[in-house]
>>> print(open('final-v5.txt').read())   # compact mmCIF, C-alpha atoms
# COMPACT_ATOMS: atom_id res chain seq x y z
CA MET O 1 -30.43 1.36 89.47
CA MET O 2 -30.69 5.10 89.04
CA TYR O 3 -27.40 5.49 90.93
CA LEU O 4 -25.71 2.99 88.64
CA SER O 5 -27.17 4.76 85.61
CA VAL O 6 -25.78 8.09 86.74
CA LEU O 7 -22.38 6.50 87.34
CA SER O 8 -22.51 4.92 83.91
CA ARG O 9 -23.31 8.22 82.22
CA SER O 10 -20.56 9.93 84.20
CA ARG O 11 -18.08 7.25 83.21
CA THR O 12 -19.12 7.62 79.57
CA VAL O 13 -18.59 11.37 79.71
CA GLN O 14 -15.13 10.82 81.20
CA ILE O 15 -14.20 8.38 78.44
CA TYR O 16 -15.42 10.72 75.70
CA SER O 17 -13.57 13.63 77.32
CA ALA O 18 -10.37 11.59 77.43
CA ILE O 19 -10.76 10.68 73.77
CA LEU O 20 -11.33 14.32 72.80
CA ILE O 21 -8.25 15.42 74.74
CA LEU O 22 -6.16 12.72 73.08
CA VAL O 23 -7.41 13.63 69.60
CA SER O 24 -6.79 17.33 70.26
CA TRP O 25 -3.28 16.53 71.47
CA LEU O 26 -2.48 14.58 68.31
CA ILE O 27 -3.81 17.39 66.09
CA ILE O 28 -1.99 20.20 67.88
CA PHE O 29 1.16 18.26 68.72
CA PRO O 30 1.89 15.63 66.07
CA THR O 31 4.51 13.03 66.93
CA ILE O 32 7.86 13.18 65.20
CA SER O 33 10.13 10.41 64.02
CA VAL O 34 13.56 10.73 65.60
CA ALA O 35 16.71 8.80 64.81
CA ALA O 36 18.87 7.70 67.73
CA ASP O 37 21.72 10.03 66.82
CA GLN O 38 19.62 13.18 66.29
CA LEU O 39 19.50 16.23 68.53
CA VAL O 40 15.84 17.22 68.88
CA VAL O 41 15.09 20.93 69.06
CA TYR O 42 11.67 22.21 70.10
CA SER O 43 11.52 25.80 68.84
CA GLY O 44 9.09 28.60 69.53
CA ARG O 45 10.93 30.55 66.84
CA ALA O 46 9.57 30.27 63.31
CA GLU O 47 11.39 27.77 61.13
CA ARG O 48 12.53 30.43 58.64
CA LEU O 49 14.35 32.28 61.46
CA ILE O 50 16.07 29.40 63.21
CA LYS O 51 16.52 26.59 60.67
CA PRO O 52 19.30 28.29 58.63
CA VAL O 53 21.33 28.68 61.82
CA LEU O 54 20.71 25.08 62.86
CA ASP O 55 21.62 23.89 59.35
CA THR O 56 24.96 25.69 59.62
CA PHE O 57 25.60 24.05 63.01
CA GLN O 58 24.75 20.66 61.51
CA ASP O 59 27.13 21.21 58.59
CA LYS O 60 29.98 22.33 60.86
CA THR O 61 29.66 19.61 63.50
CA GLY O 62 28.02 16.66 61.75
CA ILE O 63 25.43 16.54 64.56
CA GLN O 64 22.04 15.89 62.99
CA VAL O 65 19.24 18.20 64.16
CA GLN O 66 15.53 17.41 64.15
CA LEU O 67 13.41 20.57 64.43
CA LEU O 68 9.85 20.88 65.68
CA THR O 69 8.29 24.35 65.76
CA GLY O 70 5.20 25.74 67.46
CA SER O 71 4.20 28.47 69.85
CA SER O 72 6.55 28.77 72.81
CA THR O 73 3.70 28.34 75.30
CA GLN O 74 2.40 25.22 73.57
CA LEU O 75 5.87 23.71 73.55
CA VAL O 76 6.34 24.32 77.29
CA ASN O 77 3.03 22.54 77.84
CA ARG O 78 4.13 19.72 75.58
CA ILE O 79 7.46 19.18 77.33
CA GLN O 80 5.68 19.22 80.69
CA ALA O 81 3.03 16.73 79.51
CA GLU O 82 5.55 14.41 77.88
CA GLY O 83 7.52 14.20 81.09
CA THR O 84 10.19 11.52 81.09
CA HIS O 85 9.10 10.45 77.60
CA THR O 86 9.83 13.75 75.89
CA GLN O 87 11.95 13.60 72.77
CA ALA O 88 13.14 17.17 73.23
CA ASP O 89 16.80 17.80 73.96
CA VAL O 90 16.80 21.56 73.50
CA PHE O 91 14.14 24.25 73.87
CA ILE O 92 14.45 27.52 71.95
CA THR O 93 11.95 30.35 72.42
CA ASN O 94 11.25 33.85 71.16
CA ASP O 95 10.60 35.12 74.70
CA ALA O 96 12.80 34.99 77.79
CA GLY O 97 9.73 34.89 80.03
CA THR O 98 8.72 31.53 78.56
CA LEU O 99 12.19 30.15 79.23
CA GLU O 100 11.99 31.32 82.82
CA ARG O 101 8.59 29.66 83.13
CA ALA O 102 10.11 26.41 81.85
CA ARG O 103 12.91 26.77 84.42
CA GLU O 104 10.39 27.26 87.23
CA LEU O 105 8.66 24.04 86.12
CA HIS O 106 12.03 22.23 86.35
CA LEU O 107 11.92 21.47 82.64
CA LEU O 108 15.41 22.87 81.98
CA LYS O 109 18.80 21.65 83.19
CA PRO O 110 21.50 24.03 84.51
CA ILE O 111 24.45 23.91 82.13
CA LYS O 112 28.07 24.83 82.80
CA ILE O 113 29.68 26.50 79.80
CA GLU O 114 33.23 27.72 80.25
CA GLY O 115 33.65 31.47 79.84
CA ILE O 116 29.95 32.23 79.40
CA GLU O 117 30.15 35.05 81.95
CA HIS O 118 32.42 36.90 79.51
CA ILE O 119 30.10 36.33 76.54
CA ILE O 120 26.48 36.65 77.72
CA PRO O 121 25.66 39.38 80.29
CA PRO O 122 23.84 38.20 83.45
CA ALA O 123 20.66 40.06 82.42
CA PHE O 124 20.34 37.71 79.44
CA ARG O 125 20.64 34.35 81.21
CA ALA O 126 19.28 32.51 84.24
CA PRO O 127 21.46 32.62 87.38
CA ASP O 128 22.15 28.88 87.00
CA ASN O 129 22.46 29.07 83.19
CA SER O 130 19.44 26.82 82.74
CA TRP O 131 18.52 29.25 79.96
CA ILE O 132 20.75 31.53 77.93
CA GLY O 133 19.81 34.50 75.74
CA LEU O 134 20.72 34.38 72.06
CA SER O 135 19.47 37.58 70.42
CA GLY O 136 17.67 40.76 71.41
CA ARG O 137 14.72 42.58 69.91
CA ILE O 138 13.02 45.83 70.77
CA TRP O 139 9.26 46.38 70.64
CA VAL O 140 8.75 49.54 68.64
CA ILE O 141 6.18 51.55 66.74
CA VAL O 142 6.48 51.25 62.98
CA TYR O 143 5.01 54.31 61.30
CA ASN O 144 4.20 55.46 57.79
CA THR O 145 6.45 58.46 57.10
CA ASN O 146 3.82 59.99 54.80
CA MET O 147 1.13 59.87 57.47
CA ILE O 148 2.87 60.67 60.79
CA GLN O 149 5.60 63.01 61.93
CA PRO O 150 7.96 61.31 64.40
CA ASP O 151 7.65 64.11 66.96
CA GLN O 152 3.92 63.42 67.31
CA ILE O 153 4.61 60.39 69.52
CA THR O 154 7.24 60.32 72.26
CA SER O 155 5.95 57.43 74.41
CA ILE O 156 4.49 54.07 73.52
CA LEU O 157 1.55 55.05 75.75
CA ASP O 158 0.72 57.89 73.33
CA ILE O 159 -0.75 55.47 70.79
CA ALA O 160 -3.69 54.90 73.15
CA ASN O 161 -4.78 58.53 72.62
CA PRO O 162 -8.24 58.63 70.95
CA LYS O 163 -6.87 60.90 68.20
CA TRP O 164 -5.26 57.80 66.67
CA LYS O 165 -8.55 55.94 66.33
CA GLY O 166 -8.60 53.98 63.06
CA LYS O 167 -4.89 54.63 62.47
CA LEU O 168 -3.31 51.83 64.51
CA ALA O 169 -2.57 48.13 63.96
CA ILE O 170 -1.75 45.80 66.84
CA PRO O 171 -0.96 42.11 67.42
CA THR O 172 -3.72 39.75 68.53
CA ALA O 173 -4.17 39.08 72.24
CA ASN O 174 -2.42 35.70 72.06
CA SER O 175 0.80 37.25 70.72
CA GLU O 176 3.72 36.41 73.01
CA TYR O 177 5.33 39.68 71.93
CA LEU O 178 2.27 41.64 73.07
CA GLN O 179 2.11 39.76 76.35
CA ALA O 180 5.78 40.39 77.12
CA GLY O 181 5.51 44.06 76.18
CA VAL O 182 2.43 44.57 78.33
CA SER O 183 4.20 42.85 81.24
CA VAL O 184 7.02 45.39 81.08
CA ILE O 185 4.60 48.33 80.89
CA SER O 186 2.70 46.96 83.87
CA ALA O 187 5.89 46.51 85.89
CA VAL O 188 6.93 50.11 85.25
CA LYS O 189 3.60 51.97 85.06
CA GLY O 190 1.27 49.85 87.20
CA ASP O 191 -1.89 47.92 86.36
CA GLU O 192 -4.29 50.87 86.19
CA ARG O 193 -2.22 52.77 83.64
CA THR O 194 -1.58 49.58 81.68
CA GLU O 195 -5.25 48.62 81.50
CA SER O 196 -6.09 52.12 80.26
CA PHE O 197 -3.39 51.72 77.60
CA LEU O 198 -4.80 48.37 76.50
CA LYS O 199 -8.33 49.69 76.20
CA GLY O 200 -7.04 52.66 74.24
CA ILE O 201 -5.16 50.59 71.68
CA ARG O 202 -8.13 48.21 71.46
CA ASP O 203 -10.41 51.08 70.50
CA ASN O 204 -7.90 52.72 68.17
CA ALA O 205 -7.12 49.50 66.31
CA GLY O 206 -10.68 48.25 65.90
CA ASN O 207 -10.47 45.38 63.43
CA SER O 208 -6.83 46.08 62.56
CA THR O 209 -5.45 43.22 64.65
CA TYR O 210 -2.99 40.83 63.05
CA ALA O 211 -1.57 37.44 63.96
CA HIS O 212 1.86 38.22 62.49
CA ASN O 213 4.18 41.21 62.81
CA GLY O 214 4.93 41.06 59.09
CA GLN O 215 1.26 41.74 58.34
CA ILE O 216 1.33 44.84 60.53
CA VAL O 217 4.42 46.20 58.79
CA ASP O 218 2.85 45.55 55.40
CA ALA O 219 -0.38 47.32 56.41
CA VAL O 220 1.59 50.36 57.57
CA ALA O 221 3.75 50.41 54.43
CA LYS O 222 0.64 50.32 52.21
CA GLY O 223 -1.06 53.13 54.15
CA LYS O 224 -3.91 50.97 55.47
CA VAL O 225 -3.00 52.30 58.91
CA ALA O 226 -0.57 54.97 60.03
CA MET O 227 1.35 52.91 62.58
CA GLY O 228 1.60 49.60 64.39
CA LEU O 229 3.34 47.71 67.19
CA VAL O 230 6.03 45.25 66.07
CA ASN O 231 9.42 43.79 66.86
CA HIS O 232 12.04 45.96 65.19
CA TYR O 233 13.54 43.34 62.88
CA TYR O 234 10.32 42.97 60.89
CA ILE O 235 10.75 46.58 59.79
CA TYR O 236 14.31 46.10 58.60
CA ARG O 237 13.64 42.83 56.84
CA TYR O 238 10.76 44.53 55.01
CA LEU O 239 12.97 47.46 54.04
CA ALA O 240 15.67 45.08 52.78
CA GLU O 241 13.16 43.79 50.21
CA ASN O 242 11.29 47.07 49.71
CA PRO O 243 13.86 49.86 50.20
CA ASP O 244 11.47 52.60 49.08
CA ALA O 245 8.70 51.64 51.50
CA PRO O 246 7.61 54.72 53.52
CA ILE O 247 8.18 53.17 56.93
CA ALA O 248 10.50 53.76 59.88
CA PRO O 249 10.71 52.81 63.57
CA LEU O 250 9.86 55.15 66.40
CA LEU O 251 12.18 54.74 69.39
CA THR O 252 9.95 55.98 72.20
CA ASP O 253 10.30 56.73 75.92
CA GLN O 254 13.88 57.98 75.63
CA LYS O 255 13.81 61.17 77.69
CA THR O 256 15.55 61.23 81.05
CA GLY O 257 13.44 59.39 83.61
CA GLU O 258 11.20 57.72 81.03
CA MET O 259 10.60 54.00 80.83
CA GLY O 260 12.86 53.23 77.89
CA LEU O 261 12.24 50.81 75.04
CA ILE O 262 10.89 47.35 75.72
CA MET O 263 13.56 44.75 75.01
CA ASN O 264 13.10 40.99 75.02
CA ALA O 265 15.35 38.13 74.00
CA THR O 266 15.23 34.80 72.25
CA GLY O 267 16.99 32.07 74.16
CA ILE O 268 17.83 28.43 74.62
CA GLY O 269 17.80 25.81 77.35
CA VAL O 270 18.65 22.12 77.65
CA VAL O 271 15.63 19.97 78.53
CA THR O 272 16.02 18.18 81.87
CA GLN O 273 15.23 14.77 80.39
CA SER O 274 17.74 15.04 77.55
CA LYS O 275 20.34 12.31 77.25
CA ARG O 276 22.36 14.20 74.63
CA ILE O 277 23.86 16.81 76.92
CA ALA O 278 27.24 16.98 75.16
CA GLU O 279 25.60 17.63 71.78
CA ALA O 280 23.20 20.17 73.29
CA LYS O 281 26.13 22.04 74.86
CA LYS O 282 27.86 22.14 71.49
CA LEU O 283 24.75 23.72 69.97
CA ILE O 284 24.64 26.38 72.69
CA GLN O 285 28.35 27.06 72.29
CA PHE O 286 27.86 27.56 68.56
CA LEU O 287 24.84 29.83 68.97
CA ILE O 288 26.62 32.12 71.45
CA SER O 289 29.88 32.12 69.47
CA GLN O 290 30.75 35.05 67.26
CA PRO O 291 29.86 33.18 64.01
CA GLY O 292 26.53 32.02 65.44
CA GLN O 293 25.68 35.45 66.83
CA GLN O 294 26.65 37.09 63.55
CA MET O 295 24.04 34.97 61.77
CA PHE O 296 21.31 36.36 64.03
CA ALA O 297 22.57 39.85 63.32
CA ASP O 298 22.98 39.49 59.55
CA ARG O 299 20.12 37.17 58.61
CA ASN O 300 17.43 38.20 61.10
CA LYS O 301 18.36 41.84 61.80
CA GLU O 302 18.40 41.15 65.55
CA TYR O 303 20.68 42.52 68.23
CA PRO O 304 23.44 40.02 69.07
CA ILE O 305 23.93 39.36 72.79
CA HIS O 306 27.66 38.72 72.39
CA HIS O 307 29.27 42.12 73.03
CA GLU O 308 31.95 41.65 70.36
CA VAL O 309 29.51 40.96 67.52
CA LYS O 310 28.45 43.92 65.42
CA THR O 311 24.83 44.83 64.85
CA ASP O 312 23.58 45.21 61.29
CA PRO O 313 24.51 48.81 60.32
CA ALA O 314 20.93 49.52 59.23
CA LEU O 315 19.75 49.24 62.84
CA PRO O 316 20.04 51.94 65.50
CA PRO O 317 23.25 51.20 67.44
CA ARG O 318 22.60 49.46 70.72
CA ASN O 319 24.27 52.28 72.65
CA SER O 320 21.99 54.89 71.06
CA PHE O 321 18.92 54.10 73.17
CA HIS O 322 18.07 52.92 76.67
CA VAL O 323 15.68 50.13 77.59
CA ALA O 324 13.25 49.47 80.43
CA GLN O 325 15.02 48.06 83.48
CA VAL O 326 12.73 45.08 84.02
CA PRO O 327 14.66 41.81 84.44
CA LEU O 328 13.80 39.33 81.69
CA ALA O 329 13.39 36.59 84.28
CA GLN O 330 10.58 38.63 85.87
CA LEU O 331 8.43 38.23 82.75
CA ALA O 332 7.43 34.73 83.84
CA LYS O 333 6.03 36.00 87.15
CA LEU O 334 4.21 38.83 85.37
CA ARG O 335 2.60 36.58 82.77
CA GLU O 336 -0.53 35.56 84.69
CA PRO O 337 -1.51 39.06 85.88
CA THR O 338 -0.71 40.36 82.39
CA MET O 339 -3.09 37.83 80.84
CA LEU O 340 -5.80 38.98 83.23
CA LEU O 341 -5.24 42.60 82.22
CA ILE O 342 -5.40 41.69 78.52
CA GLU O 343 -8.61 39.71 79.08
CA ARG O 344 -10.23 42.51 81.07
CA SER O 345 -9.37 45.05 78.39
CA GLY O 346 -11.26 43.09 75.74
CA LEU O 347 -8.38 42.65 73.32
CA ARG O 348 -8.98 39.87 70.79
>>> encode(input="final-v5.txt", output="structure tokens")
Amino acid sequence: MMYLSVLSRSRTVQIYSAILILVSWLIIFPTISVAADQLVVYSGRAERLIKPVLDTFQDKTGIQVQLLTGSSTQLVNRIQAEGTHTQADVFITNDAGTLERARELHLLKPIKIEGIEHIIPPAFRAPDNSWIGLSGRIWVIVYNTNMIQPDQITSILDIANPKWKGKLAIPTANSEYLQAGVSVISAVKGDERTESFLKGIRDNAGNSTYAHNGQIVDAVAKGKVAMGLVNHYYIYRYLAENPDAPIAPLLTDQKTGEMGLIMNATGIGVVTQSKRIAEAKKLIQFLISQPGQQMFADRNKEYPIHHEVKTDPALPPRNSFHVAQVPLAQLAKLREPTMLLIERSGLR
């Protein structure tokens, strides 16, 4: 009887656990209503950044697009969990490492696009074209020009110096931008140096951790802190609306032999289970075309991957700086050890 009672309690716990998981799934990942003729895009990019581009594609082609946004990591988990029942046709992310992770999980389908080798450099796509880069961003230090002289910091590692205590703002530990940036630093500088860097910025930032890059830029512009870590385009979008704001980017690690700037890329892949391959290919072809790439450059202040598309003139020209030579595909393999480093450092 006691044995049966224990089994009964165990079974009850399992049932309750299953219910909690199901409820959590529905809260985090609500279902979407999809028409038969719609192309479904799961996007780790914020709606305000990607929807205008998708709307233009829809207007030009007549292909209806249904957009669902969330964190890139959550969406990978969702596609994996949905399996053959996923509604996703296309997966767009703000981080090439997440795309590579999706490829490793066999969630993305290799796609043949004629002439792509002349449009998108190999460094910005998977070898089998199961994911393709769309736009580049550099991880930079935004600084308040009234509070810091640019020659005070030459390397991104300098911001871990205790003299900057109380003067730094950083992303939260779950930021995919932070995780990718730390992965590159670890690949170039090693774990010991990287962990020291993380503990330094943790101490210097204190409570000045923000969930969004825009909040960091705003804090720097208002003099709440002297500097912060952000993707470059947040600076230029802020300046477009507030041209007199006392902020500027620091392009660090540029001396001969130094690491270089940390560059990542947004990208796109076709979900393995998609039955709308022709429409998905048309979307990719539009996004890597000159008009599509120009939208990323003009609207979002990002670096176009297409070599013939001009960068917004407000940005530093792409040939004016060098970047860390860590393959974007390697970010997926670095993710787990990076997360361990971030956890050990105590970042929140």
>>> residues_near_point(input="final-v5.txt", point="(11.7, 32.7, 84.5)", cutoff="9 Å", atoms="all atoms listed in the file", output="NGL selection string")
:O and (96-104 or 126 or 131 or 328-333)
>>> atom_distance(input="final-v5.txt", atom1="atom CA of Lys224 of chain O", atom2="atom CA of Leu157 of chain O")
21.4 Å
>>> residues_around(input="final-v5.txt", residues="segment 257-268 of chain O", least_positions_apart="3", cutoff="7 Å", atoms="all atoms listed in the file", output="PyMOL selection string")
chain O and resi 91-96+131-139+181+184+188+251-254+322-324+328
>>> write_last_selection(input="final-v5.txt", atoms="C-alpha atoms", output="PDB file, keeping the file's coordinate frame")
ATOM      1  CA  PHE O  91      14.140  24.250  73.870  1.00  0.00           C
ATOM      2  CA  ILE O  92      14.450  27.520  71.950  1.00  0.00           C
ATOM      3  CA  THR O  93      11.950  30.350  72.420  1.00  0.00           C
ATOM      4  CA  ASN O  94      11.250  33.850  71.160  1.00  0.00           C
ATOM      5  CA  ASP O  95      10.600  35.120  74.700  1.00  0.00           C
ATOM      6  CA  ALA O  96      12.800  34.990  77.790  1.00  0.00           C
ATOM      7  CA  TRP O 131      18.520  29.250  79.960  1.00  0.00           C
ATOM      8  CA  ILE O 132      20.750  31.530  77.930  1.00  0.00           C
ATOM      9  CA  GLY O 133      19.810  34.500  75.740  1.00  0.00           C
ATOM     10  CA  LEU O 134      20.720  34.380  72.060  1.00  0.00           C
ATOM     11  CA  SER O 135      19.470  37.580  70.420  1.00  0.00           C
ATOM     12  CA  GLY O 136      17.670  40.760  71.410  1.00  0.00           C
ATOM     13  CA  ARG O 137      14.720  42.580  69.910  1.00  0.00           C
ATOM     14  CA  ILE O 138      13.020  45.830  70.770  1.00  0.00           C
ATOM     15  CA  TRP O 139       9.260  46.380  70.640  1.00  0.00           C
ATOM     16  CA  GLY O 181       5.510  44.060  76.180  1.00  0.00           C
ATOM     17  CA  VAL O 184       7.020  45.390  81.080  1.00  0.00           C
ATOM     18  CA  VAL O 188       6.930  50.110  85.250  1.00  0.00           C
ATOM     19  CA  LEU O 251      12.180  54.740  69.390  1.00  0.00           C
ATOM     20  CA  THR O 252       9.950  55.980  72.200  1.00  0.00           C
ATOM     21  CA  ASP O 253      10.300  56.730  75.920  1.00  0.00           C
ATOM     22  CA  GLN O 254      13.880  57.980  75.630  1.00  0.00           C
ATOM     23  CA  HIS O 322      18.070  52.920  76.670  1.00  0.00           C
ATOM     24  CA  VAL O 323      15.680  50.130  77.590  1.00  0.00           C
ATOM     25  CA  ALA O 324      13.250  49.470  80.430  1.00  0.00           C
ATOM     26  CA  LEU O 328      13.800  39.330  81.690  1.00  0.00           C
TER      27      LEU O 328
END
>>> atom_distance(input="final-v5.txt", atom1="atom CA of Glu192 of chain O", atom2="atom CA of Ala160 of chain O")
13.7 Å
>>> residues_around(input="final-v5.txt", residues="Pro317 of chain O", least_positions_apart="6", cutoff="10 Å", atoms="all atoms listed in the file", output="PyMOL selection string")
chain O and resi 303+310-311
>>> atom_distance(input="final-v5.txt", atom1="atom CA of Thr194 of chain O", atom2="atom CA of Pro327 of chain O")
18.2 Å
>>> closest_residue(input="final-v5.txt", among="O:Thr272, O:Asn146, O:Asn161, O:Gln152", to="Glu82 of chain O", atoms="all atoms listed in the file")
O:Thr272
>>> closest_residue(input="final-v5.txt", among="O:Lys189, O:Leu250, O:Val140, O:Ile148", to="Asn213 of chain O", atoms="only C-alpha atoms")
O:Val140
>>> closest_atom_pairs(input="final-v5.txt", of="segment 29-80 of chain O", to="segment 289-301 of chain O", cutoff="12 Å", atoms="all atoms listed in the file", output="tab-separated table")
residue	atom	partner	partner_atom	distance
O:Arg45	CA	O:Asn300	CA	11.6
O:Ala46	CA	O:Asn300	CA	11.4
O:Arg48	CA	O:Asn300	CA	9.5
O:Leu49	CA	O:Asn300	CA	6.7
O:Ile50	CA	O:Phe296	CA	8.8
O:Lys51	CA	O:Met295	CA	11.3
O:Pro52	CA	O:Met295	CA	8.8
O:Val53	CA	O:Met295	CA	6.8
O:Leu54	CA	O:Gly292	CA	9.4
O:Asp55	CA	O:Gly292	CA	11.3
O:Thr56	CA	O:Gly292	CA	8.7
O:Phe57	CA	O:Gly292	CA	8.4
O:Lys60	CA	O:Gly292	CA	11.3
>>> write_last_selection(input="final-v5.txt", atoms="C-alpha atoms", output="CSV table (one decimal), keeping the file's coordinate frame")
chain,number,residue,atom,x,y,z
O,45,ARG,CA,10.9,30.6,66.8
O,46,ALA,CA,9.6,30.3,63.3
O,48,ARG,CA,12.5,30.4,58.6
O,49,LEU,CA,14.4,32.3,61.5
O,50,ILE,CA,16.1,29.4,63.2
O,51,LYS,CA,16.5,26.6,60.7
O,52,PRO,CA,19.3,28.3,58.6
O,53,VAL,CA,21.3,28.7,61.8
O,54,LEU,CA,20.7,25.1,62.9
O,55,ASP,CA,21.6,23.9,59.4
O,56,THR,CA,25.0,25.7,59.6
O,57,PHE,CA,25.6,24.0,63.0
O,60,LYS,CA,30.0,22.3,60.9
>>> residues_around(input="final-v5.txt", residues="Glu117 of chain O", least_positions_apart="4", cutoff="12 Å", atoms="only C-alpha atoms", output="JSON, numbers by chain")
{"O": [112, 113, 121, 122, 123, 124, 125, 126, 127, 128, 129, 132, 288, 305, 306, 307]}
>>> closest_residue(input="final-v5.txt", among="O:Arg202, O:Arg78, O:Lys255, O:His106", to="Gly166 of chain O", atoms="all atoms listed in the file")
O:Arg202
>>> axis_aligned_box(input="final-v5.txt", around="segment 216-230 of chain O", padding_each_side="6 Å", output="lines of an AutoDock Vina configuration file")
center_x = 1.1
center_y = 49.9
center_z = 59.7
size_x = 21.9
size_y = 22.1
size_z = 27.0
